[in-house]
Every structure is written in structure tokens, then in C-alpha cells.
$ cat work_3.pdb   # PDB, N, CA and C atoms, pLDDT in the B column
ATOM      1  N   MET R   1     -13.339  13.392   8.219  1.00 67.00           N
ATOM      2  CA  MET R   1     -12.456  12.716   7.285  1.00 67.00           C
ATOM      3  C   MET R   1     -12.095  11.344   7.853  1.00 67.00           C
ATOM      4  N   PRO R   2     -12.270  10.286   7.068  1.00 78.00           N
ATOM      5  CA  PRO R   2     -11.976   8.934   7.553  1.00 78.00           C
ATOM      6  C   PRO R   2     -10.482   8.735   7.813  1.00 78.00           C
ATOM      7  N   VAL R   3     -10.201   7.892   8.790  1.00 83.00           N
ATOM      8  CA  VAL R   3      -8.819   7.536   9.098  1.00 83.00           C
ATOM      9  C   VAL R   3      -8.373   6.476   8.091  1.00 83.00           C
ATOM     10  N   PRO R   4      -7.198   6.655   7.458  1.00 85.00           N
ATOM     11  CA  PRO R   4      -6.738   5.646   6.501  1.00 85.00           C
ATOM     12  C   PRO R   4      -6.554   4.285   7.165  1.00 85.00           C
ATOM     13  N   ARG R   5      -7.039   3.254   6.513  1.00 95.00           N
ATOM     14  CA  ARG R   5      -6.840   1.890   6.997  1.00 95.00           C
ATOM     15  C   ARG R   5      -5.606   1.275   6.345  1.00 95.00           C
ATOM     16  N   LEU R   6      -5.280   1.746   5.144  1.00 97.00           N
ATOM     17  CA  LEU R   6      -4.144   1.227   4.400  1.00 97.00           C
ATOM     18  C   LEU R   6      -3.127   2.352   4.246  1.00 97.00           C
ATOM     19  N   VAL R   7      -1.885   2.087   4.638  1.00 97.00           N
ATOM     20  CA  VAL R   7      -0.803   3.059   4.470  1.00 97.00           C
ATOM     21  C   VAL R   7       0.274   2.399   3.625  1.00 97.00           C
ATOM     22  N   VAL R   8       0.646   3.075   2.536  1.00 98.00           N
ATOM     23  CA  VAL R   8       1.705   2.588   1.654  1.00 98.00           C
ATOM     24  C   VAL R   8       2.851   3.584   1.784  1.00 98.00           C
ATOM     25  N   TYR R   9       3.986   3.089   2.275  1.00 97.00           N
ATOM     26  CA  TYR R   9       5.133   3.943   2.577  1.00 97.00           C
ATOM     27  C   TYR R   9       5.949   4.258   1.333  1.00 97.00           C
ATOM     28  N   PRO R  10       6.815   5.283   1.417  1.00 96.00           N
ATOM     29  CA  PRO R  10       7.638   5.650   0.256  1.00 96.00           C
ATOM     30  C   PRO R  10       8.498   4.486  -0.223  1.00 96.00           C
ATOM     31  N   PRO R  11       8.802   4.465  -1.506  1.00 94.00           N
ATOM     32  CA  PRO R  11       9.630   3.390  -2.040  1.00 94.00           C
ATOM     33  C   PRO R  11      11.055   3.454  -1.496  1.00 94.00           C
ATOM     34  N   ASP R  12      11.628   2.261  -1.306  1.00 93.00           N
ATOM     35  CA  ASP R  12      13.043   2.214  -0.930  1.00 93.00           C
ATOM     36  C   ASP R  12      13.892   2.322  -2.193  1.00 93.00           C
ATOM     37  N   GLU R  13      15.184   2.142  -2.059  1.00 89.00           N
ATOM     38  CA  GLU R  13      16.081   2.310  -3.218  1.00 89.00           C
ATOM     39  C   GLU R  13      15.827   1.294  -4.329  1.00 89.00           C
ATOM     40  N   ASN R  14      15.095   0.210  -4.015  1.00 89.00           N
ATOM     41  CA  ASN R  14      14.771  -0.805  -5.021  1.00 89.00           C
ATOM     42  C   ASN R  14      13.331  -0.689  -5.522  1.00 89.00           C
ATOM     43  N   GLY R  15      12.615   0.346  -5.077  1.00 89.00           N
ATOM     44  CA  GLY R  15      11.251   0.552  -5.521  1.00 89.00           C
ATOM     45  C   GLY R  15      10.210  -0.200  -4.712  1.00 89.00           C
ATOM     46  N   ARG R  16      10.611  -0.909  -3.664  1.00 94.00           N
ATOM     47  CA  ARG R  16       9.657  -1.643  -2.830  1.00 94.00           C
ATOM     48  C   ARG R  16       9.011  -0.686  -1.833  1.00 94.00           C
ATOM     49  N   ARG R  17       7.744  -0.960  -1.521  1.00 97.00           N
ATOM     50  CA  ARG R  17       7.012  -0.108  -0.583  1.00 97.00           C
ATOM     51  C   ARG R  17       6.415  -0.956   0.533  1.00 97.00           C
ATOM     52  N   ARG R  18       6.705  -0.562   1.775  1.00 98.00           N
ATOM     53  CA  ARG R  18       6.106  -1.246   2.927  1.00 98.00           C
ATOM     54  C   ARG R  18       4.628  -0.898   2.978  1.00 98.00           C
ATOM     55  N   VAL R  19       3.821  -1.862   3.452  1.00 98.00           N
ATOM     56  CA  VAL R  19       2.374  -1.690   3.483  1.00 98.00           C
ATOM     57  C   VAL R  19       1.855  -2.051   4.873  1.00 98.00           C
ATOM     58  N   ARG R  20       0.980  -1.188   5.422  1.00 98.00           N
ATOM     59  CA  ARG R  20       0.329  -1.431   6.713  1.00 98.00           C
ATOM     60  C   ARG R  20      -1.179  -1.415   6.519  1.00 98.00           C
ATOM     61  N   TRP R  21      -1.865  -2.305   7.234  1.00 97.00           N
ATOM     62  CA  TRP R  21      -3.324  -2.378   7.214  1.00 97.00           C
ATOM     63  C   TRP R  21      -3.804  -2.327   8.655  1.00 97.00           C
ATOM     64  N   ASP R  22      -4.639  -1.373   8.972  1.00 95.00           N
ATOM     65  CA  ASP R  22      -5.155  -1.206  10.338  1.00 95.00           C
ATOM     66  C   ASP R  22      -4.033  -1.188  11.374  1.00 95.00           C
ATOM     67  N   GLY R  23      -2.930  -0.514  11.032  1.00 95.00           N
ATOM     68  CA  GLY R  23      -1.828  -0.348  11.966  1.00 95.00           C
ATOM     69  C   GLY R  23      -0.856  -1.506  12.043  1.00 95.00           C
ATOM     70  N   GLN R  24      -1.110  -2.565  11.290  1.00 96.00           N
ATOM     71  CA  GLN R  24      -0.231  -3.739  11.298  1.00 96.00           C
ATOM     72  C   GLN R  24       0.514  -3.859   9.968  1.00 96.00           C
ATOM     73  N   SER R  25       1.796  -4.157  10.057  1.00 98.00           N
ATOM     74  CA  SER R  25       2.571  -4.383   8.844  1.00 98.00           C
ATOM     75  C   SER R  25       2.083  -5.669   8.174  1.00 98.00           C
ATOM     76  N   ILE R  26       1.792  -5.576   6.871  1.00 98.00           N
ATOM     77  CA  ILE R  26       1.312  -6.763   6.163  1.00 98.00           C
ATOM     78  C   ILE R  26       2.249  -7.189   5.033  1.00 98.00           C
ATOM     79  N   GLY R  27       3.345  -6.465   4.841  1.00 98.00           N
ATOM     80  CA  GLY R  27       4.305  -6.898   3.843  1.00 98.00           C
ATOM     81  C   GLY R  27       4.883  -5.769   3.026  1.00 98.00           C
ATOM     82  N   VAL R  28       5.489  -6.172   1.923  1.00 97.00           N
ATOM     83  CA  VAL R  28       6.158  -5.239   1.018  1.00 97.00           C
ATOM     84  C   VAL R  28       5.598  -5.459  -0.387  1.00 97.00           C
ATOM     85  N   ALA R  29       5.251  -4.355  -1.036  1.00 97.00           N
ATOM     86  CA  ALA R  29       4.729  -4.420  -2.401  1.00 97.00           C
ATOM     87  C   ALA R  29       5.806  -3.976  -3.378  1.00 97.00           C
ATOM     88  N   HIS R  30       5.880  -4.660  -4.506  1.00 94.00           N
ATOM     89  CA  HIS R  30       6.814  -4.317  -5.573  1.00 94.00           C
ATOM     90  C   HIS R  30       6.104  -3.568  -6.700  1.00 94.00           C
ATOM     91  N   GLN R  31       4.760  -3.665  -6.694  1.00 93.00           N
ATOM     92  CA  GLN R  31       3.923  -3.022  -7.704  1.00 93.00           C
ATOM     93  C   GLN R  31       2.498  -2.968  -7.157  1.00 93.00           C
ATOM     94  N   PRO R  32       1.628  -2.145  -7.746  1.00 93.00           N
ATOM     95  CA  PRO R  32       0.272  -2.014  -7.213  1.00 93.00           C
ATOM     96  C   PRO R  32      -0.492  -3.334  -7.115  1.00 93.00           C
ATOM     97  N   SER R  33      -0.272  -4.233  -8.054  1.00 94.00           N
ATOM     98  CA  SER R  33      -1.014  -5.500  -8.035  1.00 94.00           C
ATOM     99  C   SER R  33      -0.641  -6.385  -6.851  1.00 94.00           C
ATOM    100  N   ASP R  34       0.451  -6.086  -6.153  1.00 96.00           N
ATOM    101  CA  ASP R  34       0.818  -6.844  -4.957  1.00 96.00           C
ATOM    102  C   ASP R  34      -0.076  -6.495  -3.767  1.00 96.00           C
ATOM    103  N   ILE R  35      -0.634  -5.300  -3.763  1.00 97.00           N
ATOM    104  CA  ILE R  35      -1.381  -4.840  -2.596  1.00 97.00           C
ATOM    105  C   ILE R  35      -2.640  -5.667  -2.343  1.00 97.00           C
ATOM    106  N   PRO R  36      -3.467  -5.986  -3.349  1.00 97.00           N
ATOM    107  CA  PRO R  36      -4.617  -6.850  -3.061  1.00 97.00           C
ATOM    108  C   PRO R  36      -4.219  -8.218  -2.503  1.00 97.00           C
ATOM    109  N   VAL R  37      -3.105  -8.751  -2.944  1.00 97.00           N
ATOM    110  CA  VAL R  37      -2.626 -10.038  -2.416  1.00 97.00           C
ATOM    111  C   VAL R  37      -2.292  -9.899  -0.935  1.00 97.00           C
ATOM    112  N   LEU R  38      -1.602  -8.808  -0.572  1.00 98.00           N
ATOM    113  CA  LEU R  38      -1.275  -8.568   0.828  1.00 98.00           C
ATOM    114  C   LEU R  38      -2.549  -8.371   1.651  1.00 98.00           C
ATOM    115  N   LEU R  39      -3.525  -7.659   1.102  1.00 97.00           N
ATOM    116  CA  LEU R  39      -4.790  -7.445   1.807  1.00 97.00           C
ATOM    117  C   LEU R  39      -5.549  -8.757   2.005  1.00 97.00           C
ATOM    118  N   GLN R  40      -5.520  -9.609   0.997  1.00 97.00           N
ATOM    119  CA  GLN R  40      -6.180 -10.919   1.119  1.00 97.00           C
ATOM    120  C   GLN R  40      -5.510 -11.735   2.224  1.00 97.00           C
ATOM    121  N   ASP R  41      -4.193 -11.736   2.238  1.00 96.00           N
ATOM    122  CA  ASP R  41      -3.457 -12.456   3.275  1.00 96.00           C
ATOM    123  C   ASP R  41      -3.754 -11.898   4.666  1.00 96.00           C
ATOM    124  N   ALA R  42      -4.096 -10.602   4.738  1.00 95.00           N
ATOM    125  CA  ALA R  42      -4.422  -9.953   6.006  1.00 95.00           C
ATOM    126  C   ALA R  42      -5.873 -10.209   6.421  1.00 95.00           C
ATOM    127  N   GLY R  43      -6.641 -10.876   5.551  1.00 95.00           N
ATOM    128  CA  GLY R  43      -8.002 -11.250   5.901  1.00 95.00           C
ATOM    129  C   GLY R  43      -9.105 -10.392   5.316  1.00 95.00           C
ATOM    130  N   LEU R  44      -8.766  -9.433   4.449  1.00 93.00           N
ATOM    131  CA  LEU R  44      -9.801  -8.599   3.845  1.00 93.00           C
ATOM    132  C   LEU R  44     -10.597  -9.419   2.831  1.00 93.00           C
ATOM    133  N   GLU R  45     -11.924  -9.363   2.979  1.00 93.00           N
ATOM    134  CA  GLU R  45     -12.775 -10.040   1.999  1.00 93.00           C
ATOM    135  C   GLU R  45     -12.834  -9.206   0.730  1.00 93.00           C
ATOM    136  N   ASP R  46     -12.729  -9.832  -0.398  1.00 94.00           N
ATOM    137  CA  ASP R  46     -12.789  -9.187  -1.708  1.00 94.00           C
ATOM    138  C   ASP R  46     -11.780  -8.041  -1.857  1.00 94.00           C
ATOM    139  N   PRO R  47     -10.492  -8.329  -1.671  1.00 94.00           N
ATOM    140  CA  PRO R  47      -9.474  -7.264  -1.765  1.00 94.00           C
ATOM    141  C   PRO R  47      -9.371  -6.626  -3.144  1.00 94.00           C
ATOM    142  N   GLU R  48      -9.787  -7.331  -4.182  1.00 93.00           N
ATOM    143  CA  GLU R  48      -9.730  -6.758  -5.536  1.00 93.00           C
ATOM    144  C   GLU R  48     -10.692  -5.577  -5.675  1.00 93.00           C
ATOM    145  N   ALA R  49     -11.723  -5.529  -4.837  1.00 94.00           N
ATOM    146  CA  ALA R  49     -12.701  -4.452  -4.904  1.00 94.00           C
ATOM    147  C   ALA R  49     -12.282  -3.241  -4.069  1.00 94.00           C
ATOM    148  N   PHE R  50     -11.213  -3.378  -3.292  1.00 94.00           N
ATOM    149  CA  PHE R  50     -10.767  -2.277  -2.446  1.00 94.00           C
ATOM    150  C   PHE R  50     -10.172  -1.180  -3.317  1.00 94.00           C
ATOM    151  N   ASP R  51     -10.644   0.055  -3.131  1.00 95.00           N
ATOM    152  CA  ASP R  51     -10.221   1.196  -3.947  1.00 95.00           C
ATOM    153  C   ASP R  51      -8.889   1.742  -3.441  1.00 95.00           C
ATOM    154  N   LEU R  52      -7.816   1.483  -4.177  1.00 95.00           N
ATOM    155  CA  LEU R  52      -6.481   1.943  -3.779  1.00 95.00           C
ATOM    156  C   LEU R  52      -6.301   3.446  -3.918  1.00 95.00           C
ATOM    157  N   THR R  53      -7.274   4.125  -4.495  1.00 93.00           N
ATOM    158  CA  THR R  53      -7.201   5.583  -4.622  1.00 93.00           C
ATOM    159  C   THR R  53      -8.239   6.267  -3.737  1.00 93.00           C
ATOM    160  N   GLY R  54      -8.903   5.504  -2.896  1.00 94.00           N
ATOM    161  CA  GLY R  54      -9.966   6.047  -2.058  1.00 94.00           C
ATOM    162  C   GLY R  54      -9.473   6.710  -0.786  1.00 94.00           C
ATOM    163  N   GLU R  55     -10.439   7.191   0.009  1.00 94.00           N
ATOM    164  CA  GLU R  55     -10.153   7.930   1.238  1.00 94.00           C
ATOM    165  C   GLU R  55      -9.505   7.072   2.320  1.00 94.00           C
ATOM    166  N   LEU R  56      -9.629   5.760   2.236  1.00 94.00           N
ATOM    167  CA  LEU R  56      -9.091   4.884   3.271  1.00 94.00           C
ATOM    168  C   LEU R  56      -7.638   4.509   3.031  1.00 94.00           C
ATOM    169  N   VAL R  57      -7.017   5.136   2.019  1.00 96.00           N
ATOM    170  CA  VAL R  57      -5.626   4.838   1.672  1.00 96.00           C
ATOM    171  C   VAL R  57      -4.781   6.100   1.801  1.00 96.00           C
ATOM    172  N   GLU R  58      -3.633   5.943   2.441  1.00 97.00           N
ATOM    173  CA  GLU R  58      -2.664   7.037   2.524  1.00 97.00           C
ATOM    174  C   GLU R  58      -1.402   6.596   1.797  1.00 97.00           C
ATOM    175  N   TRP R  59      -1.098   7.267   0.703  1.00 97.00           N
ATOM    176  CA  TRP R  59       0.119   7.004  -0.059  1.00 97.00           C
ATOM    177  C   TRP R  59       1.171   8.000   0.406  1.00 97.00           C
ATOM    178  N   ARG R  60       2.264   7.503   0.914  1.00 96.00           N
ATOM    179  CA  ARG R  60       3.351   8.378   1.358  1.00 96.00           C
ATOM    180  C   ARG R  60       4.487   8.304   0.343  1.00 96.00           C
ATOM    181  N   GLY R  61       5.023   9.446  -0.009  1.00 94.00           N
ATOM    182  CA  GLY R  61       6.148   9.470  -0.939  1.00 94.00           C
ATOM    183  C   GLY R  61       5.754   9.214  -2.373  1.00 94.00           C
ATOM    184  N   GLY R  62       4.524   9.519  -2.736  1.00 92.00           N
ATOM    185  CA  GLY R  62       4.053   9.326  -4.100  1.00 92.00           C
ATOM    186  C   GLY R  62       2.888   8.367  -4.141  1.00 92.00           C
ATOM    187  N   GLY R  63       2.063   8.502  -5.150  1.00 92.00           N
ATOM    188  CA  GLY R  63       0.870   7.682  -5.290  1.00 92.00           C
ATOM    189  C   GLY R  63       1.138   6.324  -5.889  1.00 92.00           C
ATOM    190  N   PRO R  64       0.085   5.673  -6.362  1.00 92.00           N
ATOM    191  CA  PRO R  64       0.208   4.309  -6.871  1.00 92.00           C
ATOM    192  C   PRO R  64       1.096   4.171  -8.109  1.00 92.00           C
ATOM    193  N   GLU R  65       1.440   5.295  -8.730  1.00 91.00           N
ATOM    194  CA  GLU R  65       2.314   5.223  -9.911  1.00 91.00           C
ATOM    195  C   GLU R  65       3.799   5.303  -9.539  1.00 91.00           C
ATOM    196  N   THR R  66       4.115   5.515  -8.262  1.00 90.00           N
ATOM    197  CA  THR R  66       5.497   5.718  -7.819  1.00 90.00           C
ATOM    198  C   THR R  66       6.057   4.448  -7.189  1.00 90.00           C
ATOM    199  N   TRP R  67       7.016   3.831  -7.850  1.00 85.00           N
ATOM    200  CA  TRP R  67       7.592   2.590  -7.321  1.00 85.00           C
ATOM    201  C   TRP R  67       9.108   2.587  -7.320  1.00 85.00           C
ATOM    202  N   ALA R  68       9.741   3.641  -7.691  1.00 74.00           N
ATOM    203  CA  ALA R  68      11.195   3.755  -7.593  1.00 74.00           C
ATOM    204  C   ALA R  68      11.505   5.195  -7.245  1.00 74.00           C
ATOM    205  N   GLU R  69      12.473   5.393  -6.400  1.00 57.00           N
ATOM    206  CA  GLU R  69      12.825   6.755  -6.034  1.00 57.00           C
ATOM    207  C   GLU R  69      13.398   7.493  -7.227  1.00 57.00           C
ATOM    208  N   SER R  70      13.112   8.761  -7.277  1.00 48.00           N
ATOM    209  CA  SER R  70      13.663   9.586  -8.355  1.00 48.00           C
ATOM    210  C   SER R  70      15.150   9.771  -8.148  1.00 48.00           C
ATOM    211  N   PRO R  71      15.897   9.864  -9.229  1.00 46.00           N
ATOM    212  CA  PRO R  71      17.325  10.118  -9.090  1.00 46.00           C
ATOM    213  C   PRO R  71      17.559  11.478  -8.410  1.00 46.00           C
ATOM    214  N   PRO R  72      18.632  11.619  -7.646  1.00 43.00           N
ATOM    215  CA  PRO R  72      18.910  12.898  -6.971  1.00 43.00           C
ATOM    216  C   PRO R  72      19.126  14.041  -7.938  1.00 43.00           C
TER     217      PRO R  72
END

$ encode --input "work_3.pdb" --output "C-alpha cells"
Amino acid sequence: MPVPRLVVYPPDENGRRRVRWDGQSIGVAHQPSDIPVLLQDAGLEDPEAFDLTGELVEWRGGGPETWAESPP
């Protein structure tokens, strides 16, 4: 099983998610479309082609559809 290169952490109280690439923090995403921008800034060639649902991604606290914490 491949080791995830991209880790998207659980959303905070404002729905923002911290993002790490190859073990380095690359920023905070407010929505899925922010992630390719962060990947481009981190030096990934063709970040739009990167599969956010693939084996190299670990979504913590919910998948790409989760951007705000559920009410208690």
C-alpha cells in the first residue's frame, strides 16, 4: 500500500483544513479547489491532474466533501 503524499487534516471550527505534502505543511484549504493551488505552490507539476481521491491522499476527519465540523 502506497504511503500518502498528501494529508488533509480535519476541518477546524471555521471549516478550514490544514494540508501537508510529503511531510511538509503547505497551507490551509477552505475548499477542495484550494488544494491544487497549494500543491502548485509546493512545486508539484500539473497539480490539476493530481487525483484527490487516490491512494496517495489521506483525508482525516472526512473526505473531500467535508469542510465544516458537524454540530454537536

$ residues_around --input "work_3.pdb" --residues "R:Tyr9" --least-positions-apart "6" --cutoff "8 Å" --atoms "only N, CA and C atoms" --output "ChimeraX atom specification"
/R:16-20,58-62

$ atom_distance --input "work_3.pdb" --atom1 "atom CA of R:Val57" --atom2 "atom CA of R:Asp22"
10.6 Å

$ closest_residue --input "work_3.pdb" --among "R:Pro2, R:Pro11, R:Pro32, R:Gly27" --to "R:Glu55" --atoms "all atoms listed in the file"
R:Pro2

$ select_by_dssp --input "work_3.pdb" --residues "chain R" --states "strand (DSSP E)" --output "short mmCIF file (atom, residue, chain, number, x, y, z; two decimals) with N, CA and C atoms, in the coordinates of the input"
data_model
loop_
_atom_site.label_atom_id
_atom_site.label_comp_id
_atom_site.auth_asym_id
_atom_site.auth_seq_id
_atom_site.Cartn_x
_atom_site.Cartn_y
_atom_site.Cartn_z
N LEU R 6 -5.28 1.75 5.14
CA LEU R 6 -4.14 1.23 4.40
C LEU R 6 -3.13 2.35 4.25
N VAL R 7 -1.88 2.09 4.64
CA VAL R 7 -0.80 3.06 4.47
C VAL R 7 0.27 2.40 3.62
N VAL R 8 0.65 3.08 2.54
CA VAL R 8 1.70 2.59 1.65
C VAL R 8 2.85 3.58 1.78
N ARG R 17 7.74 -0.96 -1.52
CA ARG R 17 7.01 -0.11 -0.58
C ARG R 17 6.42 -0.96 0.53
N ARG R 18 6.70 -0.56 1.78
CA ARG R 18 6.11 -1.25 2.93
C ARG R 18 4.63 -0.90 2.98
N VAL R 19 3.82 -1.86 3.45
CA VAL R 19 2.37 -1.69 3.48
C VAL R 19 1.86 -2.05 4.87
N ARG R 20 0.98 -1.19 5.42
CA ARG R 20 0.33 -1.43 6.71
C ARG R 20 -1.18 -1.42 6.52
N TRP R 21 -1.86 -2.31 7.23
CA TRP R 21 -3.32 -2.38 7.21
C TRP R 21 -3.80 -2.33 8.65
N GLN R 24 -1.11 -2.56 11.29
CA GLN R 24 -0.23 -3.74 11.30
C GLN R 24 0.51 -3.86 9.97
N SER R 25 1.80 -4.16 10.06
CA SER R 25 2.57 -4.38 8.84
C SER R 25 2.08 -5.67 8.17
N ILE R 26 1.79 -5.58 6.87
CA ILE R 26 1.31 -6.76 6.16
C ILE R 26 2.25 -7.19 5.03
N GLY R 27 3.34 -6.46 4.84
CA GLY R 27 4.30 -6.90 3.84
C GLY R 27 4.88 -5.77 3.03
N VAL R 28 5.49 -6.17 1.92
CA VAL R 28 6.16 -5.24 1.02
C VAL R 28 5.60 -5.46 -0.39
N ALA R 29 5.25 -4.36 -1.04
CA ALA R 29 4.73 -4.42 -2.40
C ALA R 29 5.81 -3.98 -3.38
N VAL R 57 -7.02 5.14 2.02
CA VAL R 57 -5.63 4.84 1.67
C VAL R 57 -4.78 6.10 1.80
N GLU R 58 -3.63 5.94 2.44
CA GLU R 58 -2.66 7.04 2.52
C GLU R 58 -1.40 6.60 1.80
N TRP R 59 -1.10 7.27 0.70
CA TRP R 59 0.12 7.00 -0.06
C TRP R 59 1.17 8.00 0.41
#

$ residues_around --input "work_3.pdb" --residues "R:Leu44" --least-positions-apart "2" --cutoff "12 Å" --atoms "only C-alpha atoms" --output "PyMOL selection string"
chain R and resi 5-6+21-22+26+35-42+46-50

$ atom_distance --input "work_3.pdb" --atom1 "atom CA of R:Val3" --atom2 "atom CA of R:Thr66"
22.2 Å

$ atom_distance --input "work_3.pdb" --atom1 "atom N of R:Glu45" --atom2 "atom N of R:Pro64"
21.4 Å

$ axis_aligned_box --input "work_3.pdb" --around "stretch 5-23 of chain R" --padding-each-side "8 Å" --output "lines of an AutoDock Vina configuration file"
center_x = 4.5
center_y = 1.6
center_z = 3.3
size_x = 39.1
size_y = 24.0
size_z = 33.6

$ resolve_selection --input "work_3.pdb" --expression "the PyMOL selection byres ((chain R and resi 15) around 6.5)" --output "compact mmCIF listing (two decimals) with N, CA and C atoms, keeping the file's coordinate frame"
# COMPACT_ATOMS: atom_id res chain seq x y z
N PRO R 11 8.80 4.46 -1.51
CA PRO R 11 9.63 3.39 -2.04
C PRO R 11 11.06 3.45 -1.50
N ASP R 12 11.63 2.26 -1.31
CA ASP R 12 13.04 2.21 -0.93
C ASP R 12 13.89 2.32 -2.19
N GLU R 13 15.18 2.14 -2.06
CA GLU R 13 16.08 2.31 -3.22
C GLU R 13 15.83 1.29 -4.33
N ASN R 14 15.10 0.21 -4.01
CA ASN R 14 14.77 -0.80 -5.02
C ASN R 14 13.33 -0.69 -5.52
N ARG R 16 10.61 -0.91 -3.66
CA ARG R 16 9.66 -1.64 -2.83
C ARG R 16 9.01 -0.69 -1.83
N ARG R 17 7.74 -0.96 -1.52
CA ARG R 17 7.01 -0.11 -0.58
C ARG R 17 6.42 -0.96 0.53
N ALA R 29 5.25 -4.36 -1.04
CA ALA R 29 4.73 -4.42 -2.40
C ALA R 29 5.81 -3.98 -3.38
N HIS R 30 5.88 -4.66 -4.51
CA HIS R 30 6.81 -4.32 -5.57
C HIS R 30 6.10 -3.57 -6.70
N TRP R 67 7.02 3.83 -7.85
CA TRP R 67 7.59 2.59 -7.32
C TRP R 67 9.11 2.59 -7.32
N ALA R 68 9.74 3.64 -7.69
CA ALA R 68 11.20 3.76 -7.59
C ALA R 68 11.50 5.20 -7.24
N GLU R 69 12.47 5.39 -6.40
CA GLU R 69 12.82 6.76 -6.03
C GLU R 69 13.40 7.49 -7.23

$ select_by_dssp --input "work_3.pdb" --residues "chain R" --states "alpha helix (DSSP H)" --output "tab-separated table (two decimals) with N, CA and C atoms, in the coordinates of the input"
chain	number	residue	atom	x	y	z
R	34	ASP	N	0.45	-6.09	-6.15
R	34	ASP	CA	0.82	-6.84	-4.96
R	34	ASP	C	-0.08	-6.50	-3.77
R	35	ILE	N	-0.63	-5.30	-3.76
R	35	ILE	CA	-1.38	-4.84	-2.60
R	35	ILE	C	-2.64	-5.67	-2.34
R	36	PRO	N	-3.47	-5.99	-3.35
R	36	PRO	CA	-4.62	-6.85	-3.06
R	36	PRO	C	-4.22	-8.22	-2.50
R	37	VAL	N	-3.10	-8.75	-2.94
R	37	VAL	CA	-2.63	-10.04	-2.42
R	37	VAL	C	-2.29	-9.90	-0.94
R	38	LEU	N	-1.60	-8.81	-0.57
R	38	LEU	CA	-1.27	-8.57	0.83
R	38	LEU	C	-2.55	-8.37	1.65
R	39	LEU	N	-3.52	-7.66	1.10
R	39	LEU	CA	-4.79	-7.44	1.81
R	39	LEU	C	-5.55	-8.76	2.00
R	40	GLN	N	-5.52	-9.61	1.00
R	40	GLN	CA	-6.18	-10.92	1.12
R	40	GLN	C	-5.51	-11.74	2.22
R	41	ASP	N	-4.19	-11.74	2.24
R	41	ASP	CA	-3.46	-12.46	3.28
R	41	ASP	C	-3.75	-11.90	4.67

$ build_atoms --input "work_3.pdb" --residues "stretch 34-45 of chain R" --atoms "N, CA, C and O atoms" --output "CSV table (one decimal), in the frame of the given file"
chain,number,residue,atom,x,y,z
R,34,ASP,N,0.5,-6.1,-6.2
R,34,ASP,CA,0.8,-6.8,-5.0
R,34,ASP,C,-0.1,-6.5,-3.8
R,34,ASP,O,-0.3,-7.3,-2.9
R,35,ILE,N,-0.6,-5.3,-3.8
R,35,ILE,CA,-1.4,-4.8,-2.6
R,35,ILE,C,-2.6,-5.7,-2.3
R,35,ILE,O,-2.9,-6.1,-1.2
R,36,PRO,N,-3.5,-6.0,-3.3
R,36,PRO,CA,-4.6,-6.8,-3.1
R,36,PRO,C,-4.2,-8.2,-2.5
R,36,PRO,O,-4.9,-8.8,-1.6
R,37,VAL,N,-3.1,-8.8,-2.9
R,37,VAL,CA,-2.6,-10.0,-2.4
R,37,VAL,C,-2.3,-9.9,-0.9
R,37,VAL,O,-2.7,-10.7,-0.1
R,38,LEU,N,-1.6,-8.8,-0.6
R,38,LEU,CA,-1.3,-8.6,0.8
R,38,LEU,C,-2.5,-8.4,1.7
R,38,LEU,O,-2.7,-8.9,2.8
R,39,LEU,N,-3.5,-7.7,1.1
R,39,LEU,CA,-4.8,-7.4,1.8
R,39,LEU,C,-5.5,-8.8,2.0
R,39,LEU,O,-6.1,-9.0,3.1
R,40,GLN,N,-5.5,-9.6,1.0
R,40,GLN,CA,-6.2,-10.9,1.1
R,40,GLN,C,-5.5,-11.7,2.2
R,40,GLN,O,-6.2,-12.3,3.1
R,41,ASP,N,-4.2,-11.7,2.2
R,41,ASP,CA,-3.5,-12.5,3.3
R,41,ASP,C,-3.8,-11.9,4.7
R,41,ASP,O,-3.7,-12.6,5.7
R,42,ALA,N,-4.1,-10.6,4.7
R,42,ALA,CA,-4.4,-10.0,6.0
R,42,ALA,C,-5.9,-10.2,6.4
R,42,ALA,O,-6.3,-9.8,7.5
R,43,GLY,N,-6.6,-10.9,5.6
R,43,GLY,CA,-8.0,-11.2,5.9
R,43,GLY,C,-9.1,-10.4,5.3
R,43,GLY,O,-10.3,-10.6,5.6
R,44,LEU,N,-8.8,-9.4,4.4
R,44,LEU,CA,-9.8,-8.6,3.8
R,44,LEU,C,-10.6,-9.4,2.8
R,44,LEU,O,-10.0,-10.1,2.0
R,45,GLU,N,-11.9,-9.4,3.0
R,45,GLU,CA,-12.8,-10.0,2.0
R,45,GLU,C,-12.8,-9.2,0.7
R,45,GLU,O,-13.0,-8.0,0.8
